[in-house]
$ cat work23.txt   # compact mmCIF, C-alpha atoms and all ligand atoms
# COMPACT_ATOMS: atom_id res chain seq x y z
CA MET A 14 42.46 -15.81 185.67
CA VAL A 15 40.38 -18.23 187.72
CA ASN A 16 39.06 -16.92 191.00
CA TYR A 17 39.19 -19.65 193.67
CA GLN A 18 38.07 -17.34 196.50
CA GLY A 19 35.02 -18.77 198.31
CA LYS A 20 34.82 -21.85 196.08
CA THR A 21 34.35 -25.34 197.53
CA ALA A 22 36.67 -28.11 196.34
CA LEU A 23 36.12 -31.82 196.90
CA ILE A 24 39.51 -33.55 196.90
CA THR A 25 39.86 -37.34 197.01
CA GLY A 26 43.10 -38.85 198.26
CA ALA A 27 43.81 -35.78 200.37
CA SER A 28 45.60 -37.59 203.21
CA SER A 29 49.02 -37.42 201.52
CA GLY A 30 50.95 -36.57 198.37
CA LEU A 31 49.34 -34.57 195.58
CA GLY A 32 45.91 -34.47 197.24
CA GLU A 33 47.35 -32.81 200.34
CA SER A 34 49.22 -30.31 198.16
CA TYR A 35 46.09 -29.47 196.13
CA ALA A 36 44.28 -28.80 199.43
CA LEU A 37 47.03 -26.50 200.71
CA ALA A 38 47.25 -24.62 197.39
CA LEU A 39 43.49 -24.15 197.08
CA THR A 40 43.03 -22.93 200.64
CA ASP A 41 45.93 -20.52 200.11
CA MET A 42 43.87 -19.14 197.19
CA GLY A 43 40.78 -18.72 199.37
CA ALA A 44 38.86 -21.95 198.68
CA HIS A 45 37.14 -24.25 201.17
CA VAL A 46 38.20 -27.89 200.85
CA ILE A 47 36.44 -31.18 201.59
CA LEU A 48 39.08 -33.81 202.27
CA VAL A 49 38.41 -37.48 201.52
CA ALA A 50 40.63 -40.56 202.07
CA ARG A 51 40.76 -43.51 204.48
CA ARG A 52 43.34 -42.23 206.99
CA ALA A 53 41.15 -40.02 209.17
CA ASP A 54 44.05 -38.96 211.43
CA ARG A 55 46.01 -37.60 208.46
CA LEU A 56 42.96 -35.75 207.13
CA ARG A 57 42.26 -34.20 210.55
CA ASN A 58 45.88 -33.14 210.92
CA LEU A 59 45.74 -31.45 207.51
CA ALA A 60 42.40 -29.80 208.32
CA ASP A 61 43.85 -28.52 211.61
CA ARG A 62 46.85 -27.03 209.81
CA ILE A 63 44.59 -25.39 207.21
CA SER A 64 42.18 -24.08 209.83
CA ALA A 65 45.02 -22.68 211.94
CA LYS A 66 46.23 -20.75 208.90
CA HIS A 67 42.95 -19.74 207.25
CA GLY A 68 40.14 -20.01 209.78
CA ILE A 69 37.88 -22.64 211.19
CA LEU A 70 35.68 -23.14 208.11
CA ALA A 71 38.43 -23.71 205.56
CA ALA A 72 38.44 -27.53 205.64
CA THR A 73 35.97 -30.37 206.18
CA VAL A 74 37.07 -33.96 206.75
CA LEU A 75 35.17 -36.95 205.36
CA PRO A 76 37.05 -40.22 205.95
CA MET A 77 35.94 -42.84 203.44
CA ASP A 78 37.21 -45.95 201.66
CA LEU A 79 36.72 -45.18 197.97
CA SER A 80 37.21 -48.83 197.02
CA ARG A 81 33.74 -49.56 198.43
CA LYS A 82 31.26 -50.14 195.61
CA ASP A 83 28.86 -47.59 197.13
CA ALA A 84 31.54 -45.01 198.02
CA ALA A 85 30.71 -42.40 195.38
CA ALA A 86 26.96 -42.68 195.96
CA SER A 87 27.45 -42.35 199.75
CA LEU A 88 29.79 -39.41 199.38
CA SER A 89 27.48 -37.52 197.04
CA LYS A 90 24.49 -38.28 199.31
CA ILE A 91 26.33 -36.94 202.37
CA LEU A 92 27.44 -33.78 200.57
CA LYS A 93 24.06 -33.10 198.99
CA GLY A 94 22.43 -33.74 202.40
CA ARG A 95 24.67 -31.05 203.89
CA ASN A 96 23.81 -28.69 200.99
CA TYR A 97 27.38 -28.42 199.81
CA GLN A 98 27.82 -26.92 196.35
CA ILE A 99 30.89 -28.55 194.79
CA ASP A 100 32.60 -25.97 192.57
CA ILE A 101 35.82 -27.94 192.05
CA LEU A 102 36.16 -31.72 191.94
CA ILE A 103 39.65 -33.20 192.12
CA ASN A 104 39.60 -36.96 191.52
CA ASN A 105 43.08 -37.62 192.81
CA ALA A 106 42.84 -40.82 194.91
CA GLY A 107 44.61 -43.68 193.21
CA PHE A 108 47.14 -46.42 193.68
CA GLY A 109 49.00 -49.16 191.82
CA HIS A 110 51.58 -51.83 192.44
CA ALA A 111 54.77 -52.65 190.56
CA VAL A 112 54.49 -56.44 190.48
CA HIS A 113 53.96 -59.34 188.11
CA PHE A 114 50.27 -59.36 187.21
CA ILE A 115 49.81 -63.00 188.27
CA ASP A 116 51.20 -62.18 191.72
CA GLU A 117 48.65 -59.40 192.36
CA ASP A 118 46.11 -60.03 195.08
CA PRO A 119 42.71 -60.45 193.34
CA GLN A 120 40.87 -58.19 195.80
CA SER A 121 43.54 -55.51 195.43
CA VAL A 122 43.04 -55.54 191.65
CA ILE A 123 39.31 -55.01 192.12
CA ASP A 124 39.96 -52.21 194.63
CA GLU A 125 42.39 -50.57 192.21
CA LEU A 126 39.82 -50.62 189.39
CA THR A 127 37.19 -49.22 191.74
CA VAL A 128 39.28 -46.39 193.21
CA ASN A 129 41.14 -45.40 190.03
CA VAL A 130 38.23 -45.79 187.59
CA SER A 131 34.70 -46.51 188.88
CA THR A 132 34.63 -44.08 191.79
CA LEU A 133 36.25 -41.37 189.66
CA VAL A 134 33.60 -41.79 186.95
CA GLU A 135 30.74 -41.93 189.46
CA LEU A 136 31.90 -38.81 191.32
CA THR A 137 32.24 -36.95 188.03
CA HIS A 138 28.76 -38.11 187.06
CA ALA A 139 27.41 -36.97 190.43
CA PHE A 140 28.86 -33.45 190.45
CA LEU A 141 29.29 -32.42 186.80
CA PRO A 142 25.55 -31.89 186.04
CA ALA A 143 25.18 -29.06 188.60
CA MET A 144 28.37 -27.42 187.29
CA VAL A 145 27.03 -27.55 183.73
CA GLU A 146 23.73 -26.13 184.98
CA ARG A 147 25.58 -23.25 186.70
CA LYS A 148 27.89 -22.87 183.66
CA ASP A 149 30.74 -22.81 186.13
CA GLY A 150 33.04 -25.35 187.76
CA ILE A 151 36.25 -27.32 187.45
CA VAL A 152 36.87 -31.07 187.22
CA ILE A 153 40.48 -32.22 187.55
CA ASN A 154 41.16 -35.92 187.06
CA ILE A 155 44.60 -37.23 187.88
CA ALA A 156 45.93 -39.67 185.29
CA SER A 157 49.65 -40.30 184.77
CA THR A 158 52.30 -40.50 182.07
CA ALA A 159 51.59 -44.24 182.48
CA ALA A 160 48.44 -43.47 180.44
CA PHE A 161 50.36 -43.00 177.19
CA GLN A 162 51.62 -46.55 176.71
CA SER A 163 51.18 -49.99 178.21
CA LEU A 164 53.26 -50.63 181.30
CA PRO A 165 54.34 -54.24 181.86
CA PHE A 166 54.64 -55.01 185.62
CA MET A 167 52.13 -52.21 186.30
CA ALA A 168 49.60 -53.46 183.78
CA VAL A 169 46.42 -52.72 185.71
CA TYR A 170 47.59 -49.34 186.97
CA ALA A 171 48.60 -48.07 183.51
CA ALA A 172 45.34 -49.31 182.01
CA THR A 173 43.33 -47.44 184.65
CA LYS A 174 45.27 -44.26 183.89
CA ALA A 175 44.74 -44.72 180.12
CA PHE A 176 41.04 -44.89 180.97
CA VAL A 177 41.21 -41.69 183.02
CA LEU A 178 43.00 -39.85 180.20
CA SER A 179 40.57 -41.04 177.51
CA PHE A 180 37.48 -40.45 179.67
CA THR A 181 38.48 -36.98 180.80
CA GLU A 182 39.62 -35.79 177.38
CA ALA A 183 36.27 -36.97 176.00
CA LEU A 184 34.44 -34.94 178.65
CA TRP A 185 36.59 -31.92 177.75
CA GLY A 186 35.38 -32.30 174.14
CA GLU A 187 31.79 -32.66 175.29
CA TYR A 188 31.66 -29.76 177.77
CA ARG A 189 34.32 -27.32 176.59
CA ARG A 190 31.68 -24.74 175.68
CA SER A 191 29.65 -25.29 178.87
CA GLY A 192 31.58 -22.94 181.14
CA VAL A 193 33.02 -25.91 183.07
CA LYS A 194 36.77 -26.48 182.88
CA ILE A 195 37.76 -30.14 182.58
CA LEU A 196 41.41 -31.08 182.86
CA THR A 197 43.38 -34.33 182.95
CA VAL A 198 46.65 -33.96 184.83
CA CYS A 199 49.39 -36.45 183.90
CA PRO A 200 52.22 -36.41 186.41
CA GLY A 201 55.33 -38.45 185.76
CA PRO A 202 57.31 -39.87 188.66
CA THR A 203 56.72 -37.50 191.58
CA ALA A 204 58.05 -37.70 195.15
CA THR A 205 55.04 -38.88 197.20
CA GLU A 206 54.09 -41.93 199.25
CA PHE A 207 53.14 -43.61 195.96
CA PHE A 208 56.78 -44.61 195.63
CA ASP A 209 57.10 -45.64 199.29
CA SER A 210 54.55 -48.38 198.57
CA ASN A 211 56.28 -49.27 195.29
CA SER A 212 59.81 -50.12 196.24
CA ASN A 213 59.95 -52.33 193.11
CA SER A 214 59.66 -49.28 190.83
CA PRO A 215 62.76 -48.23 188.92
CA ALA A 216 64.99 -45.83 190.88
CA LEU A 217 64.38 -42.41 189.38
CA GLY A 218 66.36 -40.16 191.72
CA LYS A 219 66.94 -36.80 190.12
CA TYR A 220 64.19 -37.35 187.52
CA MET A 221 61.56 -37.26 190.24
CA ARG A 222 59.34 -34.16 190.20
CA THR A 223 58.05 -32.43 193.33
CA ARG A 224 54.42 -32.23 194.40
CA ASP A 225 54.54 -28.42 194.14
CA GLU A 226 55.69 -28.66 190.51
CA VAL A 227 52.65 -30.80 189.63
CA ILE A 228 50.32 -28.41 191.45
CA ALA A 229 51.88 -25.39 189.69
CA THR A 230 51.49 -27.13 186.29
CA THR A 231 47.80 -27.72 187.05
CA PHE A 232 46.92 -24.16 188.04
CA ARG A 233 49.05 -22.68 185.25
CA GLU A 234 47.03 -24.67 182.70
CA LEU A 235 43.71 -23.71 184.28
CA ALA A 236 44.71 -20.04 184.24
CA LYS A 237 44.99 -20.09 180.44
CA ALA A 238 42.16 -18.63 178.38
CA ARG A 239 41.77 -21.99 176.64
CA PRO A 240 43.18 -24.81 178.79
CA LYS A 241 44.10 -28.01 176.95
CA PRO A 242 42.20 -31.27 177.65
CA SER A 243 45.27 -32.72 179.35
CA VAL A 244 48.58 -31.53 180.67
CA VAL A 245 51.77 -33.48 181.30
CA ASP A 246 53.88 -32.18 184.17
CA GLY A 247 57.55 -31.49 183.39
CA GLY A 248 59.59 -31.18 180.18
CA LEU A 249 61.19 -34.63 180.30
CA ASN A 250 57.83 -36.27 181.03
CA LYS A 251 56.33 -34.40 178.05
CA VAL A 252 59.06 -35.79 175.79
CA THR A 253 58.51 -39.32 177.15
CA ALA A 254 54.74 -39.10 176.72
CA LEU A 255 55.09 -37.69 173.20
CA SER A 256 57.75 -40.18 172.12
CA SER A 257 55.36 -43.11 172.68
CA ARG A 258 53.42 -41.84 169.62
CA PHE A 259 56.40 -42.58 167.40
CA PHE A 260 57.02 -46.13 168.66
CA THR A 261 55.12 -49.18 167.50
CA ARG A 262 52.98 -50.54 170.34
CA ARG A 263 55.07 -53.71 170.23
CA PHE A 264 58.31 -51.77 170.72
CA ALA A 265 56.79 -49.60 173.49
CA ALA A 266 55.62 -52.67 175.44
CA LYS A 267 59.03 -54.35 175.08
CA LEU A 268 60.93 -51.22 176.11
CA SER A 269 58.65 -50.64 179.12
CA ALA A 270 59.09 -54.27 180.16
CA VAL A 271 62.86 -53.77 180.29
CA ILE A 272 62.58 -50.51 182.25
CA MET A 273 59.88 -51.71 184.66
CA ASN A 274 61.10 -55.26 185.35
CA PRO A 275 61.12 -55.51 189.18
CA ASN A 276 63.71 -58.32 189.03
CA LYS A 277 66.38 -56.28 187.32
CA LYS A 278 68.98 -54.39 189.32
CA ASN A 279 68.62 -50.60 188.95
N1 LIG B 301 53.56 -40.05 192.63
C1 LIG B 301 53.66 -40.32 191.34
O1 LIG B 301 54.74 -40.57 190.80
C2 LIG B 301 52.43 -40.30 190.46
C3 LIG B 301 52.61 -40.27 189.08
C4 LIG B 301 51.51 -40.26 188.26
C5 LIG B 301 50.24 -40.25 188.81
N2 LIG B 301 50.09 -40.28 190.15
C6 LIG B 301 48.71 -40.29 190.69
O2 LIG B 301 48.57 -39.21 191.58
C7 LIG B 301 47.48 -39.51 192.47
C8 LIG B 301 47.91 -39.19 193.88
O3 LIG B 301 48.94 -40.10 194.27
P1 LIG B 301 50.20 -39.63 195.10
O4 LIG B 301 51.37 -39.70 194.21
O5 LIG B 301 49.93 -38.36 195.80
O6 LIG B 301 50.36 -40.86 196.12
P2 LIG B 301 49.98 -41.02 197.66
O7 LIG B 301 50.72 -40.07 198.50
O8 LIG B 301 50.12 -42.48 197.91
O9 LIG B 301 48.43 -40.61 197.71
C9 LIG B 301 47.40 -41.46 197.31
C10 LIG B 301 46.11 -40.97 197.95
O10 LIG B 301 45.03 -41.82 197.51
C11 LIG B 301 44.30 -42.21 198.65
N3 LIG B 301 43.67 -43.51 198.48
C12 LIG B 301 44.24 -44.66 198.06
N4 LIG B 301 43.36 -45.67 198.15
C13 LIG B 301 42.22 -45.14 198.66
C14 LIG B 301 40.95 -45.68 199.02
N5 LIG B 301 40.68 -46.99 198.91
N6 LIG B 301 40.00 -44.84 199.51
C15 LIG B 301 40.27 -43.52 199.67
N7 LIG B 301 41.45 -42.96 199.34
C16 LIG B 301 42.41 -43.76 198.86
C17 LIG B 301 45.33 -42.26 199.78
O11 LIG B 301 44.67 -42.09 201.04
P3 LIG B 301 44.47 -43.22 202.17
O12 LIG B 301 45.59 -44.21 202.06
O13 LIG B 301 44.48 -42.44 203.44
O14 LIG B 301 43.13 -43.80 201.88
C18 LIG B 301 46.18 -41.05 199.46
O15 LIG B 301 45.60 -39.90 200.01
C19 LIG B 301 47.13 -40.98 192.24
O16 LIG B 301 45.98 -41.06 191.42
C20 LIG B 301 48.34 -41.51 191.49
O17 LIG B 301 48.01 -42.61 190.67
C21 LIG B 301 51.14 -40.30 191.00
$ encode --input "work23.txt" --output "C-alpha cells" --more "lines below"
Ligand SMILES: NC(=O)c1ccc[n+]([C@@H]2O[C@H](COP(=O)([O-])OP(=O)(O)OC[C@H]3O[C@@H](n4cnc5c(N)ncnc54)[C@H](OP(=O)(O)O)[C@@H]3O)[C@@H](O)[C@H]2O)c1
Amino acid sequence: MVNYQGKTALITGASSGLGESYALALTDMGAHVILVARRADRLRNLADRISAKHGILAATVLPMDLSRKDAAASLSKILKGRNYQIDILINNAGFGHAVHFIDEDPQSVIDELTVNVSTLVELTHAFLPAMVERKDGIVINIASTAAFQSLPFMAVYAATKAFVLSFTEALWGEYRRSGVKILTVCPGPTATEFFDSNSNSPALGKYMRTRDEVIATTFRELAKARPKPSVVDGGLNKVTALSSRFFTRRFAAKLSAVIMNPNKKN
C-alpha cells in the first residue's frame, strides 16, 4: 500500500475534471495539494472546499498559464523558493480540439504542444531528480487512449498523447528500480469539461466513464506491488487500445477518420 498521509502533490489542470478529482482524492487520503491552472477562481473554490473539510493547510493555489514557454521554470522556481518538497507530481493539464487540422488556430496548436508536451516534460525534469535522490516519489502523467493510434480530426492532440505515453513508459523503464513510481494513465472518453469544449466529438453517451472511475483506476494500479508502466481506464477502453495493435496503421487511420469526422451525423 502507498501511504499518501503528509505527502505533497503538485497537480496541474486542477481547476476542473480529472485534476480536481485527483486533488479531492489525495486530500481525502491525507495529502497536501498544490493546485495549478489558469482559472484562479475555480482553484480557490476547490482549495476552500478542501480546507473546510481537512484544515487550512491542505491546499495551496498557484494560478498559472502552462502554455507560457517559461511556465515550468517559473513554477519550479516558485515552489523551490517556498521550500516545497514535491512527493507526487500529476501532469494532468491538457487540451485538444476536434477539428480539421488546417482549420486549427496556429497559436492554439503551439499552446497545445506546450501544455500537453513541453511543460509536462519540463516539470518532470524539474521534480524527478529529488525524488530519485530520496528514493521515493510518484509521477503520474495523463495520456489518453488517443495515444494508441493516430486520430484524424484530432491529429495534434493524439500525437501529443502518444508522446506522453512513450515518454512516461520510457521513464518507467529507466527508474523502476529507483524507488520512484512512474505511471502513465490513459483515460478513454470521460465526462469532464474536455467534452464541453469539443462539441464536434462523437457522441459517446453510455460509453463515457466517470472521473471517479479514472481516479480509482490510478490508485488501484499504484497500490500494486509492481505497478505497470501504463494503465488504461475501463474494460472497453482496454479492448479498444489493445485492438489497435492488430490493425494495420493504414486501416486504423481510416477507421478513426470515419469515427471522428466532425461533419458526419452521430
Ligand atoms: N475527458 C476525457 O475524455 C479525457 C480522455 C483522455 C485524456 N484526457 C486528459 O485528461 C486531462 C484532464 O482533462 P479533463 O478531461 O479533466 O478536462 P478539463 O476538465 O477540460 O480539464 C483540463 C484542465 O487543464 C487545464 N489547462 C488547460 N490549458 C491550460 C493552460 N494553458 N494552463 C494551465 N492549465 C491548463 C484546465 O484549467 P484552466 O482552463 O483553468 O487553465 C483544466 O483544469 C487532460 O490531459 C486530457 O487530455 C481526458
$ residues_near_ligand --input "work23.txt" --ligand "ligand LIG 301 (chain B)" --cutoff "8 Å" --atoms "all atoms listed in the file" --output "JSON, numbers by chain"
{"A": [25, 26, 27, 28, 29, 30, 31, 32, 33, 49, 50, 51, 52, 53, 55, 56, 76, 77, 78, 79, 80, 81, 104, 105, 106, 107, 108, 109, 124, 125, 128, 129, 155, 156, 157, 158, 159, 170, 174, 199, 200, 201, 202, 203, 204, 205, 206, 207, 208, 209, 210, 221, 222, 224]}
$ axis_aligned_box --input "work23.txt" --around "stretch 243-261 of chain A" --padding-each-side "4 Å" --output "JSON"
{"center_x": 53.2, "center_y": -40.2, "center_z": 175.8, "size_x": 23.9, "size_y": 26.0, "size_z": 24.8}
$ atom_distance --input "work23.txt" --atom1 "atom CA of A:Ala270" --atom2 "atom CA of A:His110"
14.6 Å
$ atom_distance --input "work23.txt" --atom1 "atom CA of A:Phe114" --atom2 "atom CA of A:Ala84"
26.0 Å
$ closest_residue --input "work23.txt" --among "A:Ala71, A:Thr261, A:Lys93, A:Val169" --to "A:Pro119" --atoms "all atoms listed in the file"
A:Val169
$ atom_distance --input "work23.txt" --atom1 "atom CA of A:Gly19" --atom2 "atom CA of A:Asn96"
15.2 Å
$ closest_residue --input "work23.txt" --among "A:Arg62, A:Leu75, A:Thr253, A:Asn16" --to "A:Ala265" --atoms "all atoms listed in the file"
A:Thr253
$ residues_around --input "work23.txt" --residues "A:Gln98" --least-positions-apart "6" --cutoff "9 Å" --atoms "only C-alpha atoms" --output "number ranges by chain"
A: 20-22, 92, 140, 143
$ closest_residue --input "work23.txt" --among "A:Leu184, A:Leu164, A:Ala172, A:Leu126" --to "A:Arg263" --atoms "all atoms listed in the file"
A:Leu164
$ closest_residue --input "work23.txt" --among "A:Ser34, A:Ser64, A:Ser257, A:Gln18" --to "A:Thr223" --atoms "all atoms listed in the file"
A:Ser34
$ residues_around --input "work23.txt" --residues "A:Val198" --least-positions-apart "6" --cutoff "12 Å" --atoms "all atoms listed in the file" --output "NGL selection string"
:A and (31 or 103-105 or 152-160 or 174-175 or 177-179 or 181-182 or 226-235 or 240-247 or 251)
$ residues_around --input "work23.txt" --residues "A:Pro165" --least-positions-apart "6" --cutoff "8 Å" --atoms "all atoms listed in the file" --output "MDAnalysis selection string"
chainID A and resid 266 269:270 273:274
$ write_last_selection --input "work23.txt" --atoms "C-alpha atoms" --output "CSV table (one decimal), in the coordinates of the input"
chain,number,residue,atom,x,y,z
A,266,ALA,CA,55.6,-52.7,175.4
A,269,SER,CA,58.6,-50.6,179.1
A,270,ALA,CA,59.1,-54.3,180.2
A,273,MET,CA,59.9,-51.7,184.7
A,274,ASN,CA,61.1,-55.3,185.4
$ closest_residue --input "work23.txt" --among "A:Ala168, A:Ile101, A:Ala72, A:Leu268" --to "A:Leu196" --atoms "only C-alpha atoms"
A:Ile101
$ closest_residue --input "work23.txt" --among "A:His45, A:Arg262, A:Lys267, A:Lys219" --to "A:Gln162" --atoms "only C-alpha atoms"
A:Arg262
